>>> print(open('upload14.txt').read())   # compact mmCIF, C-alpha atoms
# COMPACT_ATOMS: atom_id res chain seq x y z
CA MET A 78 -45.89 8.77 -11.79
CA LYS A 79 -45.27 12.52 -11.63
CA ILE A 80 -48.47 14.60 -11.49
CA LEU A 81 -48.94 18.35 -11.89
CA VAL A 82 -51.97 20.01 -10.31
CA SER A 83 -52.21 23.30 -12.21
CA ASP A 84 -55.49 24.72 -10.90
CA PRO A 85 -56.70 25.25 -7.32
CA LEU A 86 -58.04 21.94 -6.03
CA HIS A 87 -59.64 21.13 -2.68
CA GLU A 88 -56.99 20.03 -0.20
CA LYS A 89 -58.66 16.62 0.20
CA GLY A 90 -58.24 16.02 -3.52
CA VAL A 91 -54.55 16.88 -3.38
CA GLU A 92 -54.12 14.72 -0.24
CA ALA A 93 -55.76 11.76 -1.99
CA LEU A 94 -53.29 12.08 -4.85
CA GLU A 95 -50.33 12.47 -2.48
CA GLN A 96 -51.32 9.38 -0.50
CA THR A 97 -51.41 7.22 -3.61
CA PRO A 98 -48.30 5.03 -3.80
CA ASP A 99 -45.97 5.88 -6.69
CA PHE A 100 -47.52 9.33 -7.19
CA GLU A 101 -45.25 12.34 -6.92
CA VAL A 102 -47.54 15.37 -6.80
CA GLU A 103 -46.58 18.97 -7.49
CA VAL A 104 -49.07 21.82 -7.11
CA ASN A 105 -48.37 24.93 -9.16
CA THR A 106 -51.45 27.06 -9.77
CA SER A 107 -49.66 30.13 -11.09
CA LEU A 108 -48.34 28.87 -14.42
CA ALA A 109 -48.82 31.10 -17.44
CA PRO A 110 -49.65 29.19 -20.65
CA GLU A 111 -46.09 29.45 -21.96
CA GLU A 112 -44.74 28.25 -18.60
CA LEU A 113 -47.03 25.21 -18.72
CA ILE A 114 -45.70 24.41 -22.19
CA GLY A 115 -42.18 24.60 -20.75
CA VAL A 116 -42.73 22.27 -17.79
CA ILE A 117 -45.38 19.79 -18.97
CA LYS A 118 -42.73 17.53 -20.53
CA ASN A 119 -41.75 16.48 -16.98
CA TYR A 120 -45.16 15.07 -16.01
CA ASP A 121 -47.14 11.87 -16.55
CA GLY A 122 -50.41 13.33 -15.29
CA LEU A 123 -52.09 16.73 -15.28
CA VAL A 124 -54.98 17.66 -12.97
CA ILE A 125 -56.94 20.77 -13.94
CA ARG A 126 -60.18 22.61 -13.28
CA SER A 127 -61.42 25.44 -15.52
CA SER A 128 -58.48 27.85 -15.64
CA THR A 129 -55.77 25.77 -17.28
CA LYS A 130 -56.16 25.62 -21.05
CA VAL A 131 -54.73 22.35 -22.37
CA THR A 132 -54.17 23.41 -25.96
CA GLU A 133 -52.64 21.50 -28.85
CA GLU A 134 -49.36 23.30 -28.09
CA VAL A 135 -49.40 22.08 -24.48
CA ILE A 136 -50.14 18.53 -25.62
CA GLU A 137 -47.38 18.60 -28.25
CA ALA A 138 -44.89 19.63 -25.53
CA ALA A 139 -46.08 16.83 -23.21
CA ASP A 140 -43.52 14.14 -24.01
CA GLN A 141 -44.60 11.67 -21.32
CA LEU A 142 -48.14 12.81 -20.44
CA LYS A 143 -50.50 9.84 -20.08
CA VAL A 144 -53.60 11.35 -18.47
CA ILE A 145 -55.42 14.66 -18.05
CA GLY A 146 -57.90 14.67 -15.17
CA ARG A 147 -60.51 17.43 -15.02
CA ALA A 148 -61.91 18.08 -11.54
CA GLY A 149 -65.37 19.03 -12.78
CA ILE A 150 -67.72 18.36 -15.66
CA GLY A 151 -66.75 20.44 -18.67
CA LEU A 152 -63.86 19.63 -20.97
CA ASP A 153 -64.06 22.73 -23.16
CA ASN A 154 -60.60 23.80 -21.97
CA VAL A 155 -58.95 20.59 -23.25
CA ASP A 156 -58.09 19.90 -26.89
CA ILE A 157 -59.51 16.38 -26.85
CA PRO A 158 -58.69 15.51 -30.49
CA ALA A 159 -55.03 16.48 -29.94
CA ALA A 160 -54.90 14.45 -26.72
CA SER A 161 -56.54 11.45 -28.39
CA LYS A 162 -54.08 11.60 -31.27
CA ARG A 163 -51.23 11.35 -28.73
CA GLY A 164 -52.93 8.52 -26.80
CA ILE A 165 -53.49 10.70 -23.73
CA VAL A 166 -56.51 9.69 -21.65
CA VAL A 167 -58.81 12.62 -20.80
CA MET A 168 -61.24 12.15 -17.94
CA ASN A 169 -63.56 14.29 -15.88
CA THR A 170 -65.67 14.03 -12.74
CA PRO A 171 -69.22 14.43 -14.04
CA ASP A 172 -70.86 14.04 -10.63
CA GLY A 173 -68.32 16.19 -8.81
CA ASN A 174 -70.40 19.35 -8.51
CA VAL A 175 -73.97 18.27 -9.16
CA ILE A 176 -75.20 18.50 -5.55
CA THR A 177 -73.41 21.79 -4.95
CA THR A 178 -74.80 23.26 -8.17
CA ALA A 179 -78.35 22.07 -7.46
CA GLU A 180 -78.28 23.35 -3.90
CA HIS A 181 -76.93 26.68 -5.12
CA ALA A 182 -79.86 26.91 -7.54
CA VAL A 183 -82.29 26.23 -4.67
CA ALA A 184 -80.51 28.80 -2.49
CA MET A 185 -80.91 31.39 -5.26
CA LEU A 186 -84.59 30.44 -5.60
CA MET A 187 -85.09 31.03 -1.89
CA ALA A 188 -83.09 34.26 -1.89
CA LEU A 189 -85.14 35.67 -4.77
CA SER A 190 -88.50 34.59 -3.35
CA ARG A 191 -87.65 36.30 -0.05
CA ASN A 192 -86.04 39.39 -1.63
CA ILE A 193 -82.82 38.72 0.26
CA PRO A 194 -80.48 40.58 -2.14
CA GLN A 195 -82.70 43.68 -2.05
CA ALA A 196 -83.17 43.51 1.73
CA THR A 197 -79.42 43.09 2.21
CA ALA A 198 -78.75 46.19 0.10
CA SER A 199 -81.35 48.09 2.10
CA MET A 200 -79.82 47.01 5.42
CA ARG A 201 -76.34 48.02 4.25
CA ALA A 202 -77.80 51.44 3.46
CA TYR A 203 -78.89 51.58 7.15
CA LYS A 204 -82.58 51.27 6.30
CA TRP A 205 -85.18 48.98 7.81
CA GLU A 206 -87.90 48.43 5.21
CA LYS A 207 -89.53 45.35 6.72
CA LYS A 208 -92.84 45.64 4.85
CA ARG A 209 -91.12 46.15 1.50
CA PHE A 210 -89.12 42.91 1.65
CA ARG A 211 -91.47 40.28 3.06
CA GLY A 212 -91.23 38.09 -0.03
CA LYS A 213 -93.25 35.00 -0.82
CA GLU A 214 -93.35 31.51 0.65
CA LEU A 215 -92.30 28.71 -1.67
CA PHE A 216 -94.83 26.29 -0.15
CA ASP A 217 -97.42 25.26 -2.75
CA LYS A 218 -95.77 27.38 -5.47
CA THR A 219 -94.98 25.89 -8.87
CA LEU A 220 -91.39 25.52 -10.04
CA GLY A 221 -90.56 24.93 -13.69
CA VAL A 222 -87.38 22.93 -14.23
CA VAL A 223 -85.99 23.05 -17.76
CA GLY A 224 -83.47 20.25 -18.14
CA ILE A 225 -84.10 17.29 -15.86
CA GLY A 226 -80.66 15.71 -15.90
CA ARG A 227 -78.66 15.05 -12.75
CA ILE A 228 -78.76 18.65 -11.52
CA GLY A 229 -82.37 19.30 -12.52
CA ARG A 230 -83.54 16.15 -10.72
CA ILE A 231 -81.79 17.20 -7.51
CA VAL A 232 -83.29 20.71 -7.75
CA ALA A 233 -86.75 19.17 -8.22
CA ASP A 234 -86.19 16.81 -5.28
CA ARG A 235 -85.14 19.67 -2.97
CA ALA A 236 -88.12 21.75 -4.12
CA ARG A 237 -90.48 18.81 -3.47
CA GLY A 238 -89.08 18.77 0.06
CA MET A 239 -90.41 22.32 0.43
CA LYS A 240 -93.80 21.08 -0.83
CA MET A 241 -93.49 22.89 -4.15
CA ASN A 242 -95.29 21.71 -7.28
CA ILE A 243 -92.86 20.73 -10.02
CA ILE A 244 -93.26 21.08 -13.78
CA ALA A 245 -90.32 19.64 -15.70
CA TYR A 246 -89.25 19.65 -19.33
CA ASP A 247 -86.28 18.12 -21.08
CA PRO A 248 -86.11 17.70 -24.85
CA TYR A 249 -83.80 14.68 -24.46
CA ILE A 250 -85.85 12.71 -21.94
CA PRO A 251 -89.21 11.10 -22.78
CA PRO A 252 -92.02 12.80 -20.80
CA GLU A 253 -93.16 9.47 -19.32
CA SER A 254 -89.78 8.99 -17.64
CA ILE A 255 -89.96 12.36 -15.85
CA GLU A 256 -91.50 11.84 -12.43
>>> encode(input="upload14.txt", output="structure tokens")
Amino acid sequence: MKILVSDPLHEKGVEALEQTPDFEVEVNTSLAPEELIGVIKNYDGLVIRSSTKVTEEVIEAADQLKVIGRAGIGLDNVDIPAASKRGIVVMNTPDGNVITTAEHAVAMLMALSRNIPQATASMRAYKWEKKRFRGKELFDKTLGVVGIGRIGRIVADRARGMKMNIIAYDPYIPPESIE
């Protein structure tokens, strides 16, 4: 099975593909849309992230394509109806970035509560304004989480670890099932 990786992918992901018997993997992350249309006919599988747009034109040119794998959650860059019409399986990795995304949200929460962006700018301007940028502790503060899916639950869990009070809302989840 010949596989094209058309977006930057972590080296461990590429290695896992390369170590799979019967997989011939080619990485080319610099293809323009018209170039992808020109070469896709040679591949059985396509691995993408966000940059590659798998349009109806790409799918029509994909004579032997069997699968499109999205390293990430969203599939807005794949024409799913066109792929389905051709019998091409489209899959994603819905849990691939949830921890990273949640931890990034918590990092931003901490940075903002401690005025880190402002203090960094001040330091780069060769100032020392210690009293101006003390910030606030997160301990015993209340965090509102809107959307308590996979990412929201991890954010709430990390915030609980800092002894924050959590208020959560999700229009798709019954209130009694939100901890």
>>> residues_around(input="upload14.txt", residues="Ile231 of chain A", least_positions_apart="4", cutoff="9 Å", atoms="all atoms listed in the file", output="ChimeraX atom specification")
/A:175-176,179-180,225-227,235-236
>>> closest_residue(input="upload14.txt", among="A:Tyr120, A:Gly229, A:Ala148, A:Ser128", to="Ser107 of chain A", atoms="only C-alpha atoms")
A:Ser128
>>> closest_residue(input="upload14.txt", among="A:Ser127, A:Ser199, A:Asn192, A:Gln96", to="Gly212 of chain A", atoms="only C-alpha atoms")
A:Asn192
>>> atom_distance(input="upload14.txt", atom1="atom CA of Leu189 of chain A", atom2="atom CA of Asp172 of chain A")
26.6 Å
>>> closest_residue(input="upload14.txt", among="A:Arg230, A:Lys207, A:Arg147, A:Arg163", to="Ile125 of chain A", atoms="only C-alpha atoms")
A:Arg147
>>> atom_distance(input="upload14.txt", atom1="atom CA of Met78 of chain A", atom2="atom CA of Lys143 of chain A")
9.5 Å
>>> closest_residue(input="upload14.txt", among="A:Ile193, A:Ala184, A:Ile244, A:Val144", to="Phe210 of chain A", atoms="all atoms listed in the file")
A:Ile193
>>> closest_residue(input="upload14.txt", among="A:Pro171, A:Ala109, A:Asp84, A:Asn154", to="Lys130 of chain A", atoms="only C-alpha atoms")
A:Asn154
>>> residues_around(input="upload14.txt", residues="Arg237 of chain A", least_positions_apart="6", cutoff="12 Å", atoms="all atoms listed in the file", output="list in words")
Val183, Leu215, Phe216, Asp217, Lys218, Thr219, Leu220, Gly221, Val222, Arg230, Ile231, Ile243, Ile244 and Glu256 of chain A
>>> closest_residue(input="upload14.txt", among="A:Gly238, A:Gly224, A:Glu214, A:Leu94", to="Ile250 of chain A", atoms="all atoms listed in the file")
A:Gly224
>>> atom_distance(input="upload14.txt", atom1="atom CA of Gln195 of chain A", atom2="atom CA of Asn174 of chain A")
28.0 Å
>>> residues_around(input="upload14.txt", residues="Leu108 of chain A", least_positions_apart="6", cutoff="10 Å", atoms="only C-alpha atoms", output="short mmCIF file (atom, residue, chain, number, x, y, z; two decimals) with C-alpha atoms, keeping the file's coordinate frame")
data_model
loop_
_atom_site.label_atom_id
_atom_site.label_comp_id
_atom_site.auth_asym_id
_atom_site.auth_seq_id
_atom_site.Cartn_x
_atom_site.Cartn_y
_atom_site.Cartn_z
CA SER A 83 -52.21 23.30 -12.21
CA ASP A 84 -55.49 24.72 -10.90
CA ILE A 114 -45.70 24.41 -22.19
CA GLY A 115 -42.18 24.60 -20.75
CA VAL A 116 -42.73 22.27 -17.79
CA THR A 129 -55.77 25.77 -17.28
#
>>> residues_near_point(input="upload14.txt", point="(-55.3, 22.2, -6.3)", cutoff="9 Å", atoms="only C-alpha atoms", output="PyMOL selection string")
chain A and resi 82-88+90-91+104-106+124-126
>>> decode(input="upload14.txt", residues="segment 110-132 of chain A", atoms="N, CA and C atoms", output="tab-separated table (two decimals), in the first residue's frame")
chain	number	residue	atom	x	y	z
A	110	PRO	N	-1.88	22.61	-4.41
A	110	PRO	CA	-3.10	21.85	-4.73
A	110	PRO	C	-3.07	21.18	-6.10
A	111	GLU	N	-2.60	21.88	-7.11
A	111	GLU	CA	-2.56	21.28	-8.45
A	111	GLU	C	-1.53	20.16	-8.54
A	112	GLU	N	-0.47	20.24	-7.74
A	112	GLU	CA	0.52	19.16	-7.71
A	112	GLU	C	-0.06	17.92	-7.05
A	113	LEU	N	-0.83	18.13	-5.98
A	113	LEU	CA	-1.49	17.00	-5.31
A	113	LEU	C	-2.43	16.29	-6.28
A	114	ILE	N	-3.18	17.06	-7.04
A	114	ILE	CA	-4.08	16.47	-8.04
A	114	ILE	C	-3.28	15.63	-9.03
A	115	GLY	N	-2.09	16.09	-9.38
A	115	GLY	CA	-1.25	15.37	-10.34
A	115	GLY	C	-0.64	14.08	-9.83
A	116	VAL	N	-0.37	14.00	-8.52
A	116	VAL	CA	0.32	12.81	-7.99
A	116	VAL	C	-0.57	11.85	-7.21
A	117	ILE	N	-1.75	12.29	-6.80
A	117	ILE	CA	-2.59	11.47	-5.91
A	117	ILE	C	-3.00	10.15	-6.54
A	118	LYS	N	-3.01	10.08	-7.86
A	118	LYS	CA	-3.41	8.84	-8.55
A	118	LYS	C	-2.48	7.68	-8.23
A	119	ASN	N	-1.28	7.97	-7.72
A	119	ASN	CA	-0.29	6.94	-7.43
A	119	ASN	C	-0.40	6.35	-6.02
A	120	TYR	N	-1.35	6.82	-5.23
A	120	TYR	CA	-1.38	6.44	-3.81
A	120	TYR	C	-2.68	5.74	-3.42
A	121	ASP	N	-2.52	4.83	-2.44
A	121	ASP	CA	-3.66	4.12	-1.85
A	121	ASP	C	-4.16	4.81	-0.59
A	122	GLY	N	-3.26	5.55	0.07
A	122	GLY	CA	-3.60	6.22	1.31
A	122	GLY	C	-3.04	7.63	1.33
A	123	LEU	N	-3.75	8.53	2.01
A	123	LEU	CA	-3.32	9.91	2.16
A	123	LEU	C	-3.45	10.29	3.62
A	124	VAL	N	-2.35	10.77	4.21
A	124	VAL	CA	-2.36	11.22	5.61
A	124	VAL	C	-2.18	12.73	5.59
A	125	ILE	N	-3.11	13.43	6.25
A	125	ILE	CA	-3.12	14.89	6.26
A	125	ILE	C	-3.25	15.42	7.68
A	126	ARG	N	-3.07	16.72	7.81
A	126	ARG	CA	-3.43	17.45	9.02
A	126	ARG	C	-4.42	18.54	8.59
A	127	SER	N	-4.09	19.80	8.81
A	127	SER	CA	-5.03	20.88	8.47
A	127	SER	C	-4.75	21.54	7.12
A	128	SER	N	-3.51	21.52	6.68
A	128	SER	CA	-3.13	22.30	5.50
A	128	SER	C	-3.66	21.74	4.19
A	129	THR	N	-3.52	20.45	4.00
A	129	THR	CA	-3.95	19.84	2.74
A	129	THR	C	-5.46	19.90	2.61
A	130	LYS	N	-5.92	20.43	1.49
A	130	LYS	CA	-7.36	20.47	1.20
A	130	LYS	C	-7.68	19.33	0.24
A	131	VAL	N	-8.45	18.37	0.72
A	131	VAL	CA	-8.82	17.22	-0.11
A	131	VAL	C	-10.18	17.54	-0.73
A	132	THR	N	-10.11	18.21	-1.87
A	132	THR	CA	-11.30	18.69	-2.57
A	132	THR	C	-11.88	17.59	-3.46
